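A.B. asks: Please read through the structure below; I'll follow up with questions.
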Amino acid sequence: MRLLVANPNTTPQVTELCASAARAVASPGTEILPLTGRFGAHIINSRAENAIAGHAMLEMLAENVAGADGVLLAVSYDTGLLAAREVLPVPVVGMTEAGIAAACLLGTRFGLVTFGTPFIYQELVAQQGLTGRLAGIRAITASPKDAYADPATVDAKVADAASALVAETGAEVVVLCGAAMAGMPARIRDAVPVPVLDGIAAGVGLLEMLVRMKPAKARTGSLAHPGQRPTQGLSPALAALLAAGA
């Protein structure tokens, strides 16, 4: 099984954190193929940057999906998730979507710990219809760069935020929302009194399950390929991907 782990941020260090976390939980025989965005923000932190990253995501998936069995979006905003599902012939899972789905199997209410922009995560939870199960969100005073430059300090901040979230809101599971937090739960699990999840580990497991189920690509409904429409200025690979449903 070959899984693309696609990060539209233009920071290779974050991609490597995600790839390492993915390989740590992947089944024997699963190959993890990491991808990093070619253009856009170093670290996405706004709707505008996220919109640009959606283009970058679709372009790099178009260029690399041949021979892949599934795609994990290694970006905590699940950038381009539904668009990728429309046009790709393989299962696509968003890391935050996966973390939240796994959290719902472990507790009745979940909390999120982030690096910032909590409102975007509120929107992601709402899109999944799970606002009623969201206990709360905490943003730490650190950046994704700090997570790979000074992991011990960031680990401590995340553990403190997660524990406070549990104490203040009654969250029964905590999901770490940030690609740079990949692999962190194993390091802080003893410091937090409830399960702590990251979307990369959850996403790999869910994606492997979907690939093994061999679901057919939707031919109707909102996630069917939209069909070919006139385009201009796109990369050849992306133009071909959009034309594939004609």
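Ordered as shown in the structure tokens, chains take letters A, B, and onward, while each chain numbers its residues from 1 and ligands are numbered from 1 in the order shown.
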A:Val196: which residues within 7 Å, counting only C-alpha atoms, same-chain residues fewer than 6 positions away excluded, as number ranges by chain?
C.D. replies: A: 173-175, 185, 189
A.B. asks: Produce a file of the selected residues containing N, CA and C atoms, as a CSV table (one decimal), in the first residue's frame.
C.D. replies:
```
chain,number,residue,atom,x,y,z
A,173,VAL,N,-11.5,13.5,25.6
A,173,VAL,CA,-10.4,13.2,24.7
A,173,VAL,C,-9.9,14.6,24.2
A,174,VAL,N,-8.6,14.6,23.9
A,174,VAL,CA,-8.0,15.9,23.4
A,174,VAL,C,-7.3,15.5,22.1
A,175,VAL,N,-7.6,16.3,21.0
A,175,VAL,CA,-7.0,16.2,19.7
A,175,VAL,C,-6.0,17.3,19.5
A,185,PRO,N,1.6,13.0,21.0
A,185,PRO,CA,0.8,12.3,22.0
A,185,PRO,C,1.7,11.2,22.8
A,189,ARG,N,1.5,11.7,26.9
A,189,ARG,CA,0.3,11.0,27.4
A,189,ARG,C,0.3,10.8,28.9
```
A.B. asks: Could you pull the residues within 12 Å of stretch 223-236 of chain A, counting only C-alpha atoms, minus those fewer than 6 positions along the same chain, as a list in words?
C.D. replies: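 Those residues are His55, Ala56, Leu58, Glu59, Met60, Leu61, Ala62, Glu63, Leu81, Leu82, Ala83, Ala84, Arg85, Glu86, Val87, Leu88, Pro89, Val90, Pro91, Val92, Ala216, Lys217, Leu242, Ala243, Ala244, Gly245 and Ala246 of chain A.
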A.B. asks: Which is closer to A:Ala152 than all the others in A:Met184, A:Ile32, A:Ala6, A:Ala66, using only C-alpha atoms?
C.D. replies: A:Met184
A.B. asks: With only C-alpha atoms as the counted atoms, please give the residues lying no more than 9 Å from stretch 164-166 of chain A, apart from itself and same-chain residues fewer than 5 positions off, as a PDB file with N, CA and C atoms, in the first residue's frame.
C.D. replies:
```pdb
ATOM      1  N   PHE A 110     -14.939  16.093  23.049  1.00  0.00           N
ATOM      2  CA  PHE A 110     -13.514  16.234  22.773  1.00  0.00           C
ATOM      3  C   PHE A 110     -13.110  17.699  22.807  1.00  0.00           C
ATOM      4  N   GLY A 111     -11.830  17.931  23.088  1.00  0.00           N
ATOM      5  CA  GLY A 111     -11.267  19.266  23.041  1.00  0.00           C
ATOM      6  C   GLY A 111     -10.126  19.301  22.050  1.00  0.00           C
ATOM      7  N   LEU A 112      -9.808  20.502  21.576  1.00  0.00           N
ATOM      8  CA  LEU A 112      -8.736  20.691  20.606  1.00  0.00           C
ATOM      9  C   LEU A 112      -7.670  21.615  21.183  1.00  0.00           C
ATOM     10  N   VAL A 113      -6.403  21.282  20.950  1.00  0.00           N
ATOM     11  CA  VAL A 113      -5.284  22.161  21.282  1.00  0.00           C
ATOM     12  C   VAL A 113      -4.605  22.551  19.980  1.00  0.00           C
ATOM     13  N   ALA A 135     -15.937  20.252  23.307  1.00  0.00           N
ATOM     14  CA  ALA A 135     -15.899  20.802  24.657  1.00  0.00           C
ATOM     15  C   ALA A 135     -15.218  22.166  24.686  1.00  0.00           C
ATOM     16  N   GLY A 136     -14.209  22.370  23.857  1.00  0.00           N
ATOM     17  CA  GLY A 136     -13.501  23.642  23.852  1.00  0.00           C
ATOM     18  C   GLY A 136     -12.224  23.557  23.047  1.00  0.00           C
ATOM     19  N   ILE A 137     -11.609  24.716  22.840  1.00  0.00           N
ATOM     20  CA  ILE A 137     -10.356  24.828  22.074  1.00  0.00           C
ATOM     21  C   ILE A 137      -9.386  25.682  22.872  1.00  0.00           C
ATOM     22  N   ARG A 138      -8.133  25.278  22.920  1.00  0.00           N
ATOM     23  CA  ARG A 138      -7.090  26.076  23.553  1.00  0.00           C
ATOM     24  C   ARG A 138      -5.950  26.284  22.566  1.00  0.00           C
ATOM     25  N   ALA A 159       0.899  19.921  26.832  1.00  0.00           N
ATOM     26  CA  ALA A 159       0.404  19.099  27.935  1.00  0.00           C
ATOM     27  C   ALA A 159      -0.357  19.941  28.947  1.00  0.00           C
ATOM     28  N   ALA A 171     -13.627  17.840  28.815  1.00  0.00           N
ATOM     29  CA  ALA A 171     -13.268  17.084  27.608  1.00  0.00           C
ATOM     30  C   ALA A 171     -12.777  15.702  27.997  1.00  0.00           C
ATOM     31  N   GLU A 172     -13.246  14.691  27.280  1.00  0.00           N
ATOM     32  CA  GLU A 172     -12.866  13.310  27.572  1.00  0.00           C
ATOM     33  C   GLU A 172     -11.774  12.784  26.650  1.00  0.00           C
ATOM     34  N   VAL A 173     -11.484  13.524  25.589  1.00  0.00           N
ATOM     35  CA  VAL A 173     -10.393  13.221  24.660  1.00  0.00           C
ATOM     36  C   VAL A 173      -9.853  14.567  24.181  1.00  0.00           C
ATOM     37  N   VAL A 174      -8.553  14.636  23.929  1.00  0.00           N
ATOM     38  CA  VAL A 174      -7.951  15.855  23.392  1.00  0.00           C
ATOM     39  C   VAL A 174      -7.297  15.532  22.058  1.00  0.00           C
ATOM     40  N   VAL A 192      -1.301  13.987  30.761  1.00  0.00           N
ATOM     41  CA  VAL A 192      -2.688  14.390  30.489  1.00  0.00           C
ATOM     42  C   VAL A 192      -3.612  13.257  30.931  1.00  0.00           C
ATOM     43  N   PRO A 193      -4.686  13.560  31.672  1.00  0.00           N
ATOM     44  CA  PRO A 193      -5.499  12.494  32.269  1.00  0.00           C
ATOM     45  C   PRO A 193      -6.528  11.843  31.345  1.00  0.00           C
ATOM     46  N   VAL A 194      -6.541  12.208  30.070  1.00  0.00           N
ATOM     47  CA  VAL A 194      -7.456  11.582  29.105  1.00  0.00           C
ATOM     48  C   VAL A 194      -6.660  11.226  27.852  1.00  0.00           C
TER      49      VAL A 194
END
```
A.B. asks: Using backbone DSSP assignments, extract all strand (DSSP E or B) residues from stretch 79-153 of chain A; output them as a PyMOL selection string.
C.D. replies: chain A and resi 92-94+110-114+134-139
